[in-house]
>>> print(open('entry38.pdb').read())   # PDB, C-alpha atoms and all ligand atoms
ATOM      1  CA  MET Z1500      -2.190  30.605  22.455
ATOM      2  CA  LYS Z1501      -0.982  29.240  19.148
ATOM      3  CA  THR Z1502      -2.448  25.893  18.116
ATOM      4  CA  VAL Z1503       0.189  23.181  17.775
ATOM      5  CA  ARG Z1504      -0.257  21.022  14.709
ATOM      6  CA  GLN Z1505       0.218  17.439  15.874
ATOM      7  CA  PRO Z1506       2.715  15.132  14.100
ATOM      8  CA  VAL Z1507       1.322  13.577  10.953
ATOM      9  CA  ILE Z1508       2.581  10.398   9.282
ATOM     10  CA  LEU Z1509       1.639  10.270   5.613
ATOM     11  CA  ILE Z1510       0.937   7.093   3.625
ATOM     12  CA  TYR Z1511       1.800   6.915  -0.015
ATOM     13  CA  HIS Z1512       2.011   3.808  -2.173
ATOM     14  CA  ARG Z1513       2.918   4.768  -5.712
ATOM     15  CA  VAL Z1514       4.290   7.787  -7.534
ATOM     16  CA  THR Z1515       3.336   7.327 -11.145
ATOM     17  CA  ARG Z1516       0.638   8.031 -13.684
ATOM     18  CA  LEU Z1517      -1.771   5.119 -14.175
ATOM     19  CA  GLU Z1518      -4.641   4.483 -16.580
ATOM     20  CA  SER Z1519      -6.564   2.461 -14.043
ATOM     21  CA  ASP Z1520      -6.078   2.763 -10.295
ATOM     22  CA  PRO Z1521      -8.824   0.786  -8.532
ATOM     23  CA  HIS Z1522      -7.493   1.537  -5.059
ATOM     24  CA  GLY Z1523      -6.632   5.166  -5.567
ATOM     25  CA  ILE Z1524      -2.999   4.602  -4.586
ATOM     26  CA  ALA Z1525      -1.082   6.443  -7.323
ATOM     27  CA  VAL Z1526      -0.001  10.066  -7.041
ATOM     28  CA  ARG Z1527       1.171  11.691 -10.259
ATOM     29  CA  PRO Z1528       4.888  12.620 -10.236
ATOM     30  CA  ASP Z1529       4.297  16.373 -10.656
ATOM     31  CA  ARG Z1530       1.785  16.377  -7.824
ATOM     32  CA  PHE Z1531       4.071  14.338  -5.588
ATOM     33  CA  ARG Z1532       6.884  16.825  -6.128
ATOM     34  CA  ARG Z1533       4.600  19.734  -5.270
ATOM     35  CA  GLN Z1534       3.317  17.933  -2.169
ATOM     36  CA  MET Z1535       6.880  17.378  -0.977
ATOM     37  CA  GLU Z1536       7.790  21.011  -1.682
ATOM     38  CA  LEU Z1537       4.801  22.142   0.369
ATOM     39  CA  LEU Z1538       5.750  19.771   3.165
ATOM     40  CA  VAL Z1539       9.218  21.347   3.289
ATOM     41  CA  GLU Z1540       7.809  24.876   3.157
ATOM     42  CA  ARG Z1541       4.963  24.517   5.605
ATOM     43  CA  ARG Z1542       5.591  21.477   7.787
ATOM     44  CA  ARG Z1543       8.759  19.948   9.222
ATOM     45  CA  PRO Z1544       9.650  16.647   7.529
ATOM     46  CA  VAL Z1545      11.345  14.269   9.975
ATOM     47  CA  THR Z1546      12.315  10.607  10.112
ATOM     48  CA  LEU Z1547       9.672   8.097  11.078
ATOM     49  CA  SER Z1548      11.446   7.369  14.386
ATOM     50  CA  ARG Z1549      11.347  11.027  15.273
ATOM     51  CA  ALA Z1550       7.637  11.264  14.405
ATOM     52  CA  VAL Z1551       6.906   8.147  16.479
ATOM     53  CA  ASP Z1552       8.720   9.624  19.487
ATOM     54  CA  ALA Z1553       6.717  12.806  19.061
ATOM     55  CA  VAL Z1554       3.401  10.921  18.843
ATOM     56  CA  LEU Z1555       4.234   8.888  21.954
ATOM     57  CA  ASP Z1556       5.527  11.859  23.948
ATOM     58  CA  GLY Z1557       2.651  14.135  22.987
ATOM     59  CA  THR Z1558       5.226  16.645  21.805
ATOM     60  CA  ALA Z1559       4.535  20.323  21.681
ATOM     61  CA  GLU Z1560       6.662  20.702  18.547
ATOM     62  CA  ASP Z1561       4.568  22.113  15.783
ATOM     63  CA  GLY Z1562       3.994  20.544  12.398
ATOM     64  CA  LEU Z1563       6.243  17.468  12.320
ATOM     65  CA  ALA Z1564       5.570  15.240   9.313
ATOM     66  CA  ALA Z1565       6.937  11.851   8.250
ATOM     67  CA  VAL Z1566       6.541  10.273   4.820
ATOM     68  CA  THR Z1567       5.926   6.545   4.311
ATOM     69  CA  PHE Z1568       5.268   4.310   1.299
ATOM     70  CA  ASP Z1569       3.533   0.947   1.534
ATOM     71  CA  ASP Z1570       4.129  -2.207  -0.536
ATOM     72  CA  GLY Z1571       7.436  -1.482  -2.295
ATOM     73  CA  TYR Z1572       6.777  -0.499  -5.909
ATOM     74  CA  ALA Z1573       9.690   0.100  -8.253
ATOM     75  CA  ASP Z1574       8.532   3.701  -8.764
ATOM     76  CA  ASN Z1575       9.492   4.455  -5.161
ATOM     77  CA  ALA Z1576      13.137   4.117  -6.229
ATOM     78  CA  GLY Z1577      12.773   5.326  -9.817
ATOM     79  CA  ILE Z1578      10.500   8.357  -9.375
ATOM     80  CA  ALA Z1579      10.025   9.242  -5.696
ATOM     81  CA  LEU Z1580      13.625   8.821  -4.514
ATOM     82  CA  PRO Z1581      15.172  11.578  -6.659
ATOM     83  CA  VAL Z1582      12.558  14.047  -5.347
ATOM     84  CA  LEU Z1583      13.116  12.990  -1.735
ATOM     85  CA  GLU Z1584      16.883  13.300  -2.174
ATOM     86  CA  GLU Z1585      16.697  16.677  -3.869
ATOM     87  CA  LEU Z1586      14.409  18.146  -1.221
ATOM     88  CA  GLY Z1587      16.002  16.311   1.706
ATOM     89  CA  VAL Z1588      12.750  14.667   2.818
ATOM     90  CA  PRO Z1589      13.269  11.505   4.889
ATOM     91  CA  ALA Z1590      10.958   8.576   4.108
ATOM     92  CA  THR Z1591      10.261   4.963   5.016
ATOM     93  CA  VAL Z1592       9.357   2.304   2.449
ATOM     94  CA  PHE Z1593       7.430  -0.671   3.863
ATOM     95  CA  ALA Z1594       8.225  -3.511   1.478
ATOM     96  CA  VAL Z1595       6.424  -6.824   0.909
ATOM     97  CA  SER Z1596       9.390  -9.197   0.983
ATOM     98  CA  GLY Z1597       7.834 -11.960  -1.146
ATOM     99  CA  SER Z1598       7.393  -9.603  -4.091
ATOM    100  CA  LEU Z1599      10.999  -8.406  -4.212
ATOM    101  CA  GLY Z1600      12.449  -9.646  -7.432
ATOM    102  CA  SER Z1601       9.636 -12.195  -7.817
ATOM    103  CA  GLY Z1602       9.131 -11.068 -11.409
ATOM    104  CA  ARG Z1603       5.388 -10.884 -10.738
ATOM    105  CA  GLU Z1604       3.124  -7.976 -10.063
ATOM    106  CA  PHE Z1605       1.416  -7.612  -6.689
ATOM    107  CA  TRP Z1606      -1.616  -9.890  -6.563
ATOM    108  CA  TRP Z1607      -4.149  -7.020  -6.629
ATOM    109  CA  ASP Z1608      -2.474  -5.668  -9.759
ATOM    110  CA  GLU Z1609      -2.636  -9.066 -11.476
ATOM    111  CA  LEU Z1610      -6.329  -9.171 -10.621
ATOM    112  CA  GLU Z1611      -6.822  -5.699 -12.078
ATOM    113  CA  ALA Z1612      -4.923  -6.598 -15.257
ATOM    114  CA  LEU Z1613      -7.035  -9.705 -15.718
ATOM    115  CA  LEU Z1614     -10.489  -8.277 -14.959
ATOM    116  CA  LEU Z1615     -10.285  -4.601 -15.891
ATOM    117  CA  GLY Z1616      -8.058  -4.833 -18.944
ATOM    118  CA  SER Z1617      -8.770  -5.664 -22.571
ATOM    119  CA  HIS Z1618      -8.629  -9.435 -22.247
ATOM    120  CA  PRO Z1619     -11.907 -11.160 -23.217
ATOM    121  CA  LEU Z1620     -13.464 -13.198 -20.408
ATOM    122  CA  PRO Z1621     -15.913 -16.117 -20.425
ATOM    123  CA  THR Z1622     -19.402 -15.085 -19.317
ATOM    124  CA  GLY Z1623     -19.716 -17.435 -16.351
ATOM    125  CA  LEU Z1624     -17.384 -17.932 -13.421
ATOM    126  CA  ARG Z1625     -17.652 -20.362 -10.547
ATOM    127  CA  ILE Z1626     -14.674 -20.506  -8.268
ATOM    128  CA  ARG Z1627     -13.937 -21.398  -4.690
ATOM    129  CA  VAL Z1628     -11.702 -18.812  -3.072
ATOM    130  CA  GLY Z1629     -10.664 -19.949   0.387
ATOM    131  CA  GLU Z1630     -13.934 -20.586   2.243
ATOM    132  CA  ARG Z1631     -16.017 -18.647  -0.218
ATOM    133  CA  ASN Z1632     -17.872 -19.754  -3.357
ATOM    134  CA  VAL Z1633     -17.924 -17.043  -5.978
ATOM    135  CA  ALA Z1634     -20.392 -17.427  -8.863
ATOM    136  CA  VAL Z1635     -21.039 -14.603 -11.306
ATOM    137  CA  THR Z1636     -22.365 -13.979 -14.766
ATOM    138  CA  LEU Z1637     -20.611 -11.349 -16.836
ATOM    139  CA  PRO Z1638     -23.013 -10.003 -19.485
ATOM    140  CA  ALA Z1639     -21.374 -10.757 -22.840
ATOM    141  CA  ASP Z1640     -21.995  -7.323 -24.339
ATOM    142  CA  GLU Z1641     -21.222  -5.238 -21.267
ATOM    143  CA  TRP Z1642     -17.446  -4.870 -21.694
ATOM    144  CA  SER Z1643     -15.852  -3.087 -24.607
ATOM    145  CA  GLU Z1644     -12.859  -0.868 -25.209
ATOM    146  CA  THR Z1645     -15.150   2.157 -24.877
ATOM    147  CA  VAL Z1646     -16.525   0.955 -21.539
ATOM    148  CA  ARG Z1647     -13.044   0.096 -20.331
ATOM    149  CA  ARG Z1648     -11.808   3.575 -21.156
ATOM    150  CA  SER Z1649     -14.816   5.376 -19.728
ATOM    151  CA  THR Z1650     -14.659   3.497 -16.402
ATOM    152  CA  ARG Z1651     -10.904   3.487 -15.855
ATOM    153  CA  GLY Z1652     -11.176   6.322 -13.352
ATOM    154  CA  TRP Z1653     -13.152   4.016 -11.051
ATOM    155  CA  SER Z1654     -11.655   3.201  -7.690
ATOM    156  CA  SER Z1655     -12.918   1.272  -4.707
ATOM    157  CA  ARG Z1656     -13.045   4.656  -2.981
ATOM    158  CA  THR Z1657     -15.657   5.834  -5.498
ATOM    159  CA  PRO Z1658     -19.066   5.992  -3.791
ATOM    160  CA  GLY Z1659     -21.933   3.899  -5.170
ATOM    161  CA  SER Z1660     -22.113   0.497  -6.783
ATOM    162  CA  PRO Z1661     -19.456  -0.659  -9.278
ATOM    163  CA  PRO Z1662     -20.124   0.506 -12.862
ATOM    164  CA  THR Z1663     -19.988  -2.959 -14.473
ATOM    165  CA  ALA Z1664     -20.137  -6.621 -13.474
ATOM    166  CA  ARG Z1665     -16.382  -6.852 -14.042
ATOM    167  CA  HIS Z1666     -15.771  -4.115 -11.485
ATOM    168  CA  GLY Z1667     -18.119  -5.919  -9.092
ATOM    169  CA  LEU Z1668     -16.204  -9.154  -9.627
ATOM    170  CA  TYR Z1669     -12.925  -7.345  -9.048
ATOM    171  CA  ALA Z1670     -14.210  -6.014  -5.706
ATOM    172  CA  THR Z1671     -15.563  -9.442  -4.664
ATOM    173  CA  LEU Z1672     -12.399 -11.314  -5.568
ATOM    174  CA  PHE Z1673     -10.148  -8.684  -4.026
ATOM    175  CA  ASP Z1674     -12.084  -9.064  -0.813
ATOM    176  CA  SER Z1675     -11.885 -12.876  -0.938
ATOM    177  CA  LEU Z1676      -8.205 -13.065  -1.892
ATOM    178  CA  ARG Z1677      -6.975 -10.671   0.755
ATOM    179  CA  GLY Z1678      -7.714 -13.165   3.539
ATOM    180  CA  LEU Z1679      -5.766 -16.051   1.992
ATOM    181  CA  SER Z1680      -2.258 -17.272   2.622
ATOM    182  CA  GLY Z1681       0.294 -16.639  -0.122
ATOM    183  CA  GLU Z1682       0.023 -20.217  -1.444
ATOM    184  CA  ALA Z1683      -3.784 -20.380  -1.421
ATOM    185  CA  ARG Z1684      -3.983 -17.014  -3.149
ATOM    186  CA  GLY Z1685      -1.477 -18.108  -5.777
ATOM    187  CA  ARG Z1686      -3.617 -21.198  -6.497
ATOM    188  CA  ALA Z1687      -6.787 -19.092  -6.808
ATOM    189  CA  LEU Z1688      -5.067 -16.663  -9.183
ATOM    190  CA  ASP Z1689      -3.748 -19.572 -11.263
ATOM    191  CA  GLU Z1690      -7.282 -20.966 -11.485
ATOM    192  CA  LEU Z1691      -8.614 -17.582 -12.597
ATOM    193  CA  GLY Z1692      -5.900 -17.436 -15.233
ATOM    194  CA  ARG Z1693      -6.919 -20.866 -16.573
ATOM    195  CA  TRP Z1694     -10.575 -19.813 -16.600
ATOM    196  CA  ALA Z1695      -9.735 -16.737 -18.643
ATOM    197  CA  GLU Z1696      -6.974 -18.392 -20.688
ATOM    198  CA  TRP Z1697      -4.755 -15.581 -19.525
ATOM    199  CA  THR Z1698      -1.118 -15.602 -18.470
ATOM    200  CA  PRO Z1699       0.053 -12.775 -16.225
ATOM    201  CA  SER Z1700       2.858 -10.577 -17.472
ATOM    202  CA  THR Z1701       4.679  -7.866 -15.540
ATOM    203  CA  ARG Z1702       3.766  -4.430 -16.836
ATOM    204  CA  GLU Z1703       6.574  -1.891 -16.721
ATOM    205  CA  THR Z1704       4.267   0.470 -14.804
ATOM    206  CA  HIS Z1705       3.441  -2.109 -12.148
ATOM    207  CA  ARG Z1706       6.779  -3.627 -11.237
ATOM    208  CA  PRO Z1707       7.532  -4.236  -7.566
ATOM    209  CA  LEU Z1708      10.992  -3.268  -6.359
ATOM    210  CA  ASP Z1709      13.767  -5.697  -7.084
ATOM    211  CA  ALA Z1710      16.849  -6.239  -4.930
ATOM    212  CA  GLY Z1711      18.735  -3.453  -6.742
ATOM    213  CA  GLY Z1712      15.955  -0.912  -6.213
ATOM    214  CA  LEU Z1713      15.643  -1.835  -2.557
ATOM    215  CA  ALA Z1714      19.395  -1.489  -2.077
ATOM    216  CA  ARG Z1715      19.367   1.892  -3.828
ATOM    217  CA  LEU Z1716      16.661   3.165  -1.493
ATOM    218  CA  ALA Z1717      18.455   1.839   1.585
ATOM    219  CA  ALA Z1718      21.789   3.336   0.521
ATOM    220  CA  SER Z1719      20.330   6.745  -0.310
ATOM    221  CA  GLY Z1720      20.601   8.104   3.201
ATOM    222  CA  VAL Z1721      17.043   9.502   3.047
ATOM    223  CA  VAL Z1722      15.064   6.243   2.946
ATOM    224  CA  GLU Z1723      14.684   3.631   5.635
ATOM    225  CA  ILE Z1724      13.243   0.187   4.824
ATOM    226  CA  GLY Z1725      10.361  -1.150   6.927
ATOM    227  CA  ALA Z1726       8.528  -4.489   6.823
ATOM    228  CA  HIS Z1727       5.049  -5.165   5.431
ATOM    229  CA  THR Z1728       4.813  -9.002   5.681
ATOM    230  CA  GLU Z1729       5.924 -11.590   3.176
ATOM    231  CA  HIS Z1730       2.713 -11.890   1.059
ATOM    232  CA  HIS Z1731       0.467  -8.993   2.083
ATOM    233  CA  PRO Z1732      -2.464 -10.945   3.567
ATOM    234  CA  ALA Z1733      -5.203  -9.621   5.846
ATOM    235  CA  LEU Z1734      -3.588 -10.870   9.059
ATOM    236  CA  SER Z1735      -6.904 -11.235  10.887
ATOM    237  CA  CYS Z1736      -7.872 -14.098   8.512
ATOM    238  CA  LEU Z1737      -4.793 -16.239   9.184
ATOM    239  CA  SER Z1738      -3.850 -18.687  11.927
ATOM    240  CA  ARG Z1739      -1.417 -17.516  14.568
ATOM    241  CA  THR Z1740       1.337 -19.652  13.059
ATOM    242  CA  ARG Z1741       0.854 -18.144   9.622
ATOM    243  CA  ARG Z1742       0.663 -14.628  11.009
ATOM    244  CA  TRP Z1743       3.931 -15.197  12.800
ATOM    245  CA  SER Z1744       5.702 -16.418   9.680
ATOM    246  CA  GLU Z1745       4.319 -13.535   7.600
ATOM    247  CA  ILE Z1746       5.621 -11.043  10.164
ATOM    248  CA  SER Z1747       8.947 -12.616  11.116
ATOM    249  CA  ASP Z1748       9.953 -14.131   7.751
ATOM    250  CA  GLY Z1749       9.110 -10.885   5.984
ATOM    251  CA  ARG Z1750      11.436  -9.047   8.290
ATOM    252  CA  ARG Z1751      14.258 -11.594   8.129
ATOM    253  CA  ARG Z1752      14.288 -11.542   4.340
ATOM    254  CA  LEU Z1753      14.548  -7.750   4.275
ATOM    255  CA  GLU Z1754      17.267  -7.719   6.929
ATOM    256  CA  GLU Z1755      19.339 -10.137   4.867
ATOM    257  CA  MET Z1756      19.253  -7.548   2.101
ATOM    258  CA  VAL Z1757      19.471  -4.169   3.834
ATOM    259  CA  GLY Z1758      20.354  -4.659   7.509
ATOM    260  CA  PRO Z1759      18.219  -3.821  10.559
ATOM    261  CA  VAL Z1760      14.475  -3.271   9.980
ATOM    262  CA  ARG Z1761      12.754  -1.541  12.878
ATOM    263  CA  HIS Z1762       9.280  -0.597  11.713
ATOM    264  CA  PHE Z1763       6.282  -2.597  10.523
ATOM    265  CA  ALA Z1764       3.141  -1.586   8.636
ATOM    266  CA  TYR Z1765       0.092  -3.865   8.903
ATOM    267  CA  PRO Z1766      -1.282  -4.932   5.492
ATOM    268  CA  PHE Z1767      -4.624  -3.208   4.835
ATOM    269  CA  GLY Z1768      -3.897  -0.991   7.781
ATOM    270  CA  ASP Z1769      -5.443  -3.122  10.463
ATOM    271  CA  SER Z1770      -3.476  -4.842  13.223
ATOM    272  CA  GLY Z1771      -5.703  -7.911  12.773
ATOM    273  CA  GLY Z1772      -4.993  -9.352  16.215
ATOM    274  CA  SER Z1773      -1.257  -9.304  15.514
ATOM    275  CA  ARG Z1774      -0.080  -6.523  17.774
ATOM    276  CA  ARG Z1775       1.593  -8.889  20.221
ATOM    277  CA  LEU Z1776       3.300 -10.870  17.480
ATOM    278  CA  VAL Z1777       4.716  -7.696  15.981
ATOM    279  CA  ARG Z1778       5.999  -6.684  19.374
ATOM    280  CA  LYS Z1779       7.434 -10.160  19.988
ATOM    281  CA  ALA Z1780       9.203 -10.014  16.632
ATOM    282  CA  GLY Z1781      11.159  -7.080  18.024
ATOM    283  CA  PHE Z1782       9.883  -4.188  15.947
ATOM    284  CA  ASP Z1783      10.185  -0.737  17.527
ATOM    285  CA  ALA Z1784       6.792   0.419  16.288
ATOM    286  CA  ALA Z1785       3.936  -0.570  13.958
ATOM    287  CA  PHE Z1786       1.524   1.439  11.852
ATOM    288  CA  ILE Z1787      -2.129   1.371  10.940
ATOM    289  CA  THR Z1788      -3.757   3.320   8.128
ATOM    290  CA  THR Z1789      -6.344   5.394   9.932
ATOM    291  CA  PRO Z1790      -5.584   8.947  10.976
ATOM    292  CA  LYS Z1791      -6.961   8.395  14.475
ATOM    293  CA  GLY Z1792      -5.003   6.354  16.980
ATOM    294  CA  ALA Z1793      -5.574   5.099  20.505
ATOM    295  CA  ARG Z1794      -5.409   7.430  23.505
ATOM    296  CA  PRO Z1795      -2.957   7.139  25.135
ATOM    297  CA  PRO Z1796      -0.969   6.450  21.969
ATOM    298  CA  ASP Z1797       0.028   2.841  21.314
ATOM    299  CA  ARG Z1798       3.510   2.216  19.898
ATOM    300  CA  TYR Z1799       2.192  -0.767  17.922
ATOM    301  CA  ARG Z1800      -0.807   1.026  16.468
ATOM    302  CA  ILE Z1801       0.501   4.361  15.341
ATOM    303  CA  PRO Z1802      -1.986   6.150  13.058
ATOM    304  CA  ARG Z1803      -1.165   7.394   9.579
ATOM    305  CA  THR Z1804      -2.959   9.602   7.088
ATOM    306  CA  TYR Z1805      -3.702   8.640   3.481
ATOM    307  CA  VAL Z1806      -2.568  11.021   0.746
ATOM    308  CA  GLY Z1807      -4.270  10.904  -2.641
ATOM    309  CA  ASP Z1808      -3.527  12.346  -6.053
ATOM    310  CA  TRP Z1809      -4.327  15.795  -4.710
ATOM    311  CA  ASP Z1810      -3.530  19.199  -6.109
ATOM    312  CA  GLU Z1811      -1.901  21.898  -4.038
ATOM    313  CA  SER Z1812      -5.066  23.269  -2.438
ATOM    314  CA  GLU Z1813      -6.460  19.893  -1.432
ATOM    315  CA  PHE Z1814      -3.116  18.785  -0.001
ATOM    316  CA  ALA Z1815      -2.855  22.051   1.902
ATOM    317  CA  ARG Z1816      -6.367  21.748   3.290
ATOM    318  CA  ARG Z1817      -6.065  18.133   4.347
ATOM    319  CA  ILE Z1818      -2.452  17.854   5.468
ATOM    320  CA  LEU Z1819      -0.734  21.161   6.078
ATOM    321  CA  THR Z1820      -3.202  22.882   8.333
ATOM    322  CA  SER Z1821      -4.585  19.834  10.121
ATOM    323  CA  ALA Z1822      -4.253  20.188  13.893
ATOM    324  CA  SER Z1823      -4.910  16.515  14.648
ATOM    325  CA  ALA Z1824      -2.641  13.502  14.238
TER     326      ALA Z1824
HETATM  327 ZN    ZN A1901       0.074  -2.590   1.643
END
>>> encode(input="entry38.pdb", output="structure tokens", more="lines below")
Ligand SMILES: [Zn+2]
Amino acid sequence: MKTVRQPVILIYHRVTRLESDPHGIAVRPDRFRRQMELLVERRRPVTLSRAVDAVLDGTAEDGLAAVTFDDGYADNAGIALPVLEELGVPATVFAVSGSLGSGREFWWDELEALLLGSHPLPTGLRIRVGERNVAVTLPADEWSETVRRSTRGWSSRTPGSPPTARHGLYATLFDSLRGLSGEARGRALDELGRWAEWTPSTRETHRPLDAGGLARLAASGVVEIGAHTEHHPALSCLSRTRRWSEISDGRRRLEEMVGPVRHFAYPFGDSGGSRRLVRKAGFDAAFITTPKGARPPDRYRIPRTYVGDWDESEFARRILTSASA
């Protein structure tokens, strides 16, 4: 009997070429195009709703695949959309509503620009981030343009300890900031900026979508817009009231711009005790970021599979032939 390849729901974030990508979320444009071509040739790209139905029904249809993007970067409209349109691949973009047209980069990108860029930093830092005291010493002679260049391939997915104290600080602060509300995080970032005498700017390569880009995606006929909270916090760290506003306000803001929003992706891929709130908010389905889901499948914890900046053979090995969801 022929093995049926279960439906797979892919997670992308960015389609662009980056110097530094500490979370491993950028796929180069040429590789993205090839991945989409292979998906068309060797899997069956379908809408997210169709893939969800197939996951829930335990379908016997072979090789269904849905494409999703998290966060809502401008490159989704500028670089990914033309490829999706040309190849007729449906996709869903889960957008962080508070970043749309905010004129600011996503908070993790601001942190990366501050700590892993060329800006000189004081050697000592003491800061309170939420409930956590962070105190570090950055060796004065550790960071240079040469070190910056030689470590820019580092990502949090790289095994082993961070290559420099700045990378360690990035990881610590990322971890501390992710659990804060939007306001508390903004205050902590402002304090870091004062410490470093640094003012954030929006790099062309790191722009979130603006209202025009979101509208272009929604009007394309191949992209559906989904919700991804208002400020991208780790939901498990917030009070119920705050979780509710992140989930419901994020959706309302998007719906004001593009009409009905039916799907939700949990920030950082974990439902964080918010499954019921997402259901109460009226979403049809919600998505986590691990490739293994509950059995029987849970409509509000549908698994997805990460895709990296992979060449043809790695994409084929990990995605095209995989028999499991
Ligand atoms: Zn996200």
>>> resolve_selection(input="entry38.pdb", expression="the PyMOL selection byres (((chain Z and resi 1557-1568) around 7) and not hetatm)", output="compact mmCIF listing (two decimals) with C-alpha atoms, keeping the file's coordinate frame")
# COMPACT_ATOMS: atom_id res chain seq x y z
CA VAL Z 1503 0.19 23.18 17.77
CA ARG Z 1504 -0.26 21.02 14.71
CA GLN Z 1505 0.22 17.44 15.87
CA PRO Z 1506 2.72 15.13 14.10
CA VAL Z 1507 1.32 13.58 10.95
CA ILE Z 1508 2.58 10.40 9.28
CA LEU Z 1509 1.64 10.27 5.61
CA ILE Z 1510 0.94 7.09 3.62
CA TYR Z 1511 1.80 6.92 -0.02
CA HIS Z 1512 2.01 3.81 -2.17
CA ARG Z 1542 5.59 21.48 7.79
CA ARG Z 1543 8.76 19.95 9.22
CA PRO Z 1544 9.65 16.65 7.53
CA VAL Z 1545 11.34 14.27 9.98
CA THR Z 1546 12.32 10.61 10.11
CA LEU Z 1547 9.67 8.10 11.08
CA ALA Z 1550 7.64 11.26 14.40
CA ALA Z 1553 6.72 12.81 19.06
CA VAL Z 1554 3.40 10.92 18.84
CA LEU Z 1555 4.23 8.89 21.95
CA ASP Z 1556 5.53 11.86 23.95
CA ASP Z 1569 3.53 0.95 1.53
CA ASP Z 1570 4.13 -2.21 -0.54
CA PRO Z 1589 13.27 11.50 4.89
CA ALA Z 1590 10.96 8.58 4.11
CA THR Z 1591 10.26 4.96 5.02
CA VAL Z 1592 9.36 2.30 2.45
CA PHE Z 1593 7.43 -0.67 3.86
>>> residues_around(input="entry38.pdb", residues="His1731 in chain Z", least_positions_apart="3", cutoff="8 Å", atoms="all atoms listed in the file", output="PyMOL selection string")
chain Z and resi 1595+1677+1681+1727-1728+1766
>>> resolve_selection(input="entry38.pdb", expression="the PyMOL selection byres (((chain Z and resi 1698) around 12) and not hetatm)", output="PyMOL selection string")
chain Z and resi 1603+1609-1610+1612-1613+1618+1688-1697+1699-1701
>>> resolve_selection(input="entry38.pdb", expression="the PyMOL selection byres (((chain Z and resi 1788) around 6) and not hetatm)", output="number ranges by chain")
Z: 1768, 1787, 1789, 1802-1803
>>> write_last_selection(input="entry38.pdb", atoms="C-alpha atoms", output="PDB file, keeping the file's coordinate frame")
ATOM      1  CA  GLY Z1768      -3.897  -0.991   7.781  1.00  0.00           C
ATOM      2  CA  ILE Z1787      -2.129   1.371  10.940  1.00  0.00           C
ATOM      3  CA  THR Z1789      -6.344   5.394   9.932  1.00  0.00           C
ATOM      4  CA  PRO Z1802      -1.986   6.150  13.058  1.00  0.00           C
ATOM      5  CA  ARG Z1803      -1.165   7.394   9.579  1.00  0.00           C
TER       6      ARG Z1803
END
>>> residues_around(input="entry38.pdb", residues="Ala1710 in chain Z", least_positions_apart="3", cutoff="7 Å", atoms="all atoms listed in the file", output="number ranges by chain")
Z: 1599-1600, 1713-1714
>>> residues_around(input="entry38.pdb", residues="Ala1726 in chain Z", least_positions_apart="2", cutoff="12 Å", atoms="only C-alpha atoms", output="mmCIF file with C-alpha atoms, keeping the file's coordinate frame")
data_model
loop_
_atom_site.group_PDB
_atom_site.id
_atom_site.type_symbol
_atom_site.label_atom_id
_atom_site.label_comp_id
_atom_site.auth_asym_id
_atom_site.auth_seq_id
_atom_site.Cartn_x
_atom_site.Cartn_y
_atom_site.Cartn_z
ATOM 1 C CA THR Z 1567 5.926 6.545 4.311
ATOM 2 C CA PHE Z 1568 5.268 4.310 1.299
ATOM 3 C CA ASP Z 1569 3.533 0.947 1.534
ATOM 4 C CA ASP Z 1570 4.129 -2.207 -0.536
ATOM 5 C CA GLY Z 1571 7.436 -1.482 -2.295
ATOM 6 C CA THR Z 1591 10.261 4.963 5.016
ATOM 7 C CA VAL Z 1592 9.357 2.304 2.449
ATOM 8 C CA PHE Z 1593 7.430 -0.671 3.863
ATOM 9 C CA ALA Z 1594 8.225 -3.511 1.478
ATOM 10 C CA VAL Z 1595 6.424 -6.824 0.909
ATOM 11 C CA SER Z 1596 9.390 -9.197 0.983
ATOM 12 C CA GLY Z 1597 7.834 -11.960 -1.146
ATOM 13 C CA LEU Z 1599 10.999 -8.406 -4.212
ATOM 14 C CA GLU Z 1723 14.684 3.631 5.635
ATOM 15 C CA ILE Z 1724 13.243 0.187 4.824
ATOM 16 C CA THR Z 1728 4.813 -9.002 5.681
ATOM 17 C CA GLU Z 1729 5.924 -11.590 3.176
ATOM 18 C CA HIS Z 1730 2.713 -11.890 1.059
ATOM 19 C CA HIS Z 1731 0.467 -8.993 2.083
ATOM 20 C CA GLU Z 1745 4.319 -13.535 7.600
ATOM 21 C CA ILE Z 1746 5.621 -11.043 10.164
ATOM 22 C CA SER Z 1747 8.947 -12.616 11.116
ATOM 23 C CA ASP Z 1748 9.953 -14.131 7.751
ATOM 24 C CA GLY Z 1749 9.110 -10.885 5.984
ATOM 25 C CA ARG Z 1750 11.436 -9.047 8.290
ATOM 26 C CA ARG Z 1751 14.258 -11.594 8.129
ATOM 27 C CA ARG Z 1752 14.288 -11.542 4.340
ATOM 28 C CA LEU Z 1753 14.548 -7.750 4.275
ATOM 29 C CA GLU Z 1754 17.267 -7.719 6.929
ATOM 30 C CA VAL Z 1757 19.471 -4.169 3.834
ATOM 31 C CA GLY Z 1758 20.354 -4.659 7.509
ATOM 32 C CA PRO Z 1759 18.219 -3.821 10.559
ATOM 33 C CA VAL Z 1760 14.475 -3.271 9.980
ATOM 34 C CA ARG Z 1761 12.754 -1.541 12.878
ATOM 35 C CA HIS Z 1762 9.280 -0.597 11.713
ATOM 36 C CA PHE Z 1763 6.282 -2.597 10.523
ATOM 37 C CA ALA Z 1764 3.141 -1.586 8.636
ATOM 38 C CA TYR Z 1765 0.092 -3.865 8.903
ATOM 39 C CA PRO Z 1766 -1.282 -4.932 5.492
ATOM 40 C CA VAL Z 1777 4.716 -7.696 15.981
ATOM 41 C CA ALA Z 1780 9.203 -10.014 16.632
ATOM 42 C CA GLY Z 1781 11.159 -7.080 18.024
ATOM 43 C CA PHE Z 1782 9.883 -4.188 15.947
ATOM 44 C CA ASP Z 1783 10.185 -0.737 17.527
ATOM 45 C CA ALA Z 1784 6.792 0.419 16.288
ATOM 46 C CA ALA Z 1785 3.936 -0.570 13.958
ATOM 47 C CA PHE Z 1786 1.524 1.439 11.852
#
